[in-house]
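*Asks:* Can you read through this structure? Questions will come right after.
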Amino acid sequence: MKIVLLKDVKGVGKKGQILSVKDGYAINMLIPRGFAVKATDRSLEVLDKQNQDALNAKIKAEDEARNAAKQLEKIVLEFDANIGKDGKMFGTISYKQIEEKLKSEYDITIDKRKFIDRTPVDRLGYTRLQIELYKGVKGVVIVHVNAKK
């Protein structure tokens with residue numbers, strides 16, 4: 001019997017695959033448990049539609065990531081930090097602070113876990129941080145830390 005898998009099934013296949021399995025296995029195990037449906041013209045149409053929707057979503061997400069990377073090129077985030085007598089900065093500027101500032105001031109949403117180089121921002125001046133916005137799409141955020149007066 002030809003079936004279309006609705007979920008990943010260990011030892012059988014991945015979601016969306018069209019497989020040929022024994023009738024008893026399909027009727028008694030896969031179909032009743034919601035792991036598969038019988039491969040009919042209608043189910044194949046639905047599968048094609050889902051695959052096309054997933055492809056469109058992937059293309060849209062990649063385009064949005066490229067646009068965000070272009071926006072990030074023009075941005076310099078300014079932070080003020082307390083400085084000790086020896087001229088060293090107290091603490092660091094966290095990735096969460098950078099994420100929040102990008103969201104509040106520029107309406108760019110970036111997950112703090114997407115920073116590639118985990119270099120701490122712990123000194124005055126400019127620091128360049130790379131962010132993986134999408135698979136293969138990287139952006140750069142420039143952070144400028146000033147001494148608080």
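By order in the structure tokens, chains are A, B, ...; within a chain, residues start at 1; ligands start at 1, following the order shown.
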Pick out each residue of chain A that DSSP on the backbone tags as helix (DSSP H, G or I); I need them as JSON, numbers by chain.
*Replies:* {"A": [23, 24, 25, 26, 27, 28, 29, 30, 41, 42, 43, 44, 45, 46, 47, 48, 49, 50, 51, 52, 53, 54, 55, 56, 57, 58, 59, 60, 61, 62, 63, 64, 65, 66, 67, 68, 69, 70, 71, 72, 73, 95, 96, 97, 98, 99, 100, 101, 102, 103, 104, 105, 106, 112, 113, 114]}
*Asks:* Considering only C-alpha atoms, give me a table of residues in range 40-80 of chain A that are at most 9 Å from range 14-24 of chain A, with the closest atom pair and distance in Å for each, as a Markdown table.
*Replies:*
| residue | atom | partner | partner_atom | distance |
| --- | --- | --- | --- | --- |
| A:Leu44 | CA | A:Ile18 | CA | 8.8 |
| A:Leu47 | CA | A:Gly16 | CA | 6.8 |
| A:Gln50 | CA | A:Gly16 | CA | 9.0 |
| A:Asn51 | CA | A:Gly16 | CA | 8.3 |
*Asks:* Go ahead and save the residues from that selection, with all heavy atoms, as a short mmCIF file (atom, residue, chain, number, x, y, z; two decimals), in the first residue's frame.
*Replies:*
data_model
loop_
_atom_site.label_atom_id
_atom_site.label_comp_id
_atom_site.auth_asym_id
_atom_site.auth_seq_id
_atom_site.Cartn_x
_atom_site.Cartn_y
_atom_site.Cartn_z
N LEU A 44 -1.89 13.59 -2.13
CA LEU A 44 -0.69 14.04 -2.83
C LEU A 44 -0.77 15.52 -3.18
O LEU A 44 0.24 16.23 -3.13
CB LEU A 44 -0.47 13.20 -4.09
CG LEU A 44 -0.15 11.72 -3.85
CD1 LEU A 44 -0.05 10.97 -5.17
CD2 LEU A 44 1.12 11.56 -3.04
N LEU A 47 0.02 17.33 0.01
CA LEU A 47 1.46 17.25 0.26
C LEU A 47 2.22 18.25 -0.61
O LEU A 47 3.11 18.95 -0.12
CB LEU A 47 1.96 15.83 0.00
CG LEU A 47 3.45 15.60 0.19
CD1 LEU A 47 3.86 15.83 1.64
CD2 LEU A 47 3.84 14.21 -0.25
N GLN A 50 1.70 21.73 0.81
CA GLN A 50 2.49 21.94 2.02
C GLN A 50 3.96 22.15 1.68
O GLN A 50 4.62 23.02 2.27
CB GLN A 50 2.35 20.75 2.97
CG GLN A 50 1.00 20.65 3.63
CD GLN A 50 0.85 19.38 4.45
OE1 GLN A 50 1.63 18.44 4.34
NE2 GLN A 50 -0.17 19.36 5.29
N ASN A 51 4.48 21.38 0.75
CA ASN A 51 5.89 21.55 0.33
C ASN A 51 6.12 22.91 -0.30
O ASN A 51 7.14 23.56 -0.05
CB ASN A 51 6.29 20.44 -0.63
CG ASN A 51 6.42 19.09 0.04
OD1 ASN A 51 6.56 19.01 1.26
ND2 ASN A 51 6.34 18.03 -0.74
#
*Asks:* Find the spatial neighbours of Lys38 in chain A, counting only C-alpha atoms, within a cut-off of 7 Å - ignore same-chain residues fewer than 4 positions away - and output them as an MDAnalysis selection string.
*Replies:* chainID A and resid 2:4
*Asks:* Using only C-alpha atoms, tabulate the residues of range 107-141 of chain A lying at most 7 Å from any atom of range 71-91 of chain A, each with its closest atom pair and that distance in Å to one decimal, by chain and increasing residue number, as CSV.
*Replies:*
residue,atom,partner,partner_atom,distance
A:Asp122,CA,A:Met89,CA,6.4
A:Arg123,CA,A:Met89,CA,5.8
A:Gly139,CA,A:Leu72,CA,6.5
A:Val140,CA,A:Leu72,CA,6.3
A:Val141,CA,A:Leu72,CA,5.9
*Asks:* Would you work out the distance separating CA of Thr109 in chain A from CA of Gln130 in chain A, expressed in Å to one decimal?
*Replies:*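 So the answer is 14.8 Å.
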*Asks:* Could you tell me how far CA of Ala26 in chain A sits from CA of Ser43 in chain A, in Å to one decimal place?
*Replies:* 15.2 Å
*Asks:* Write out as a ChimeraX atom specification all residues of range 25-81 of chain A that backbone DSSP assigns to strand (DSSP E).
*Replies:* /A:36-38,76-81
*Asks:* Okay, now the selection with C-alpha atoms, as a compact mmCIF listing (two decimals), in the first residue's frame?
*Replies:*
# COMPACT_ATOMS: atom_id res chain seq x y z
CA ALA A 36 0.35 8.31 7.79
CA VAL A 37 -2.51 8.57 5.32
CA LYS A 38 -3.22 6.51 2.24
CA VAL A 76 26.07 51.90 15.33
CA LEU A 77 24.66 51.10 18.78
CA GLU A 78 25.72 53.57 21.45
CA PHE A 79 26.12 52.50 25.09
CA ASP A 80 27.39 54.38 28.15
CA ALA A 81 29.38 52.51 30.79
*Asks:* Give me, as CSV, the closest atom pair and its distance (Å, one decimal) for every residue of range 77-106 of chain A within a cut-off of 12 Å of range 53-68 of chain A, counting only C-alpha atoms, rows sorted by chain and rising number.
*Replies:*
residue,atom,partner,partner_atom,distance
A:Leu102,CA,A:Ala68,CA,10.9
A:Lys103,CA,A:Ala68,CA,11.9
A:Tyr106,CA,A:Ala68,CA,10.4
*Asks:* Filtering to N, CA, C and O atoms, could you give me those residues as a PDB file, in the first residue's frame?
*Replies:*
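Output saved as part.pdb:
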ATOM      1  N   LEU A 102      18.340  47.038  19.744  1.00  0.00           N
ATOM      2  CA  LEU A 102      17.982  46.874  18.336  1.00  0.00           C
ATOM      3  C   LEU A 102      16.462  46.817  18.172  1.00  0.00           C
ATOM      4  O   LEU A 102      15.911  47.397  17.238  1.00  0.00           O
ATOM      5  N   LYS A 103      15.799  46.140  19.083  1.00  0.00           N
ATOM      6  CA  LYS A 103      14.340  46.007  19.011  1.00  0.00           C
ATOM      7  C   LYS A 103      13.651  47.343  19.295  1.00  0.00           C
ATOM      8  O   LYS A 103      12.748  47.746  18.564  1.00  0.00           O
ATOM      9  N   TYR A 106      15.346  50.346  16.576  1.00  0.00           N
ATOM     10  CA  TYR A 106      15.366  50.119  15.129  1.00  0.00           C
ATOM     11  C   TYR A 106      14.331  49.100  14.663  1.00  0.00           C
ATOM     12  O   TYR A 106      14.241  48.807  13.479  1.00  0.00           O
TER      13      TYR A 106
END
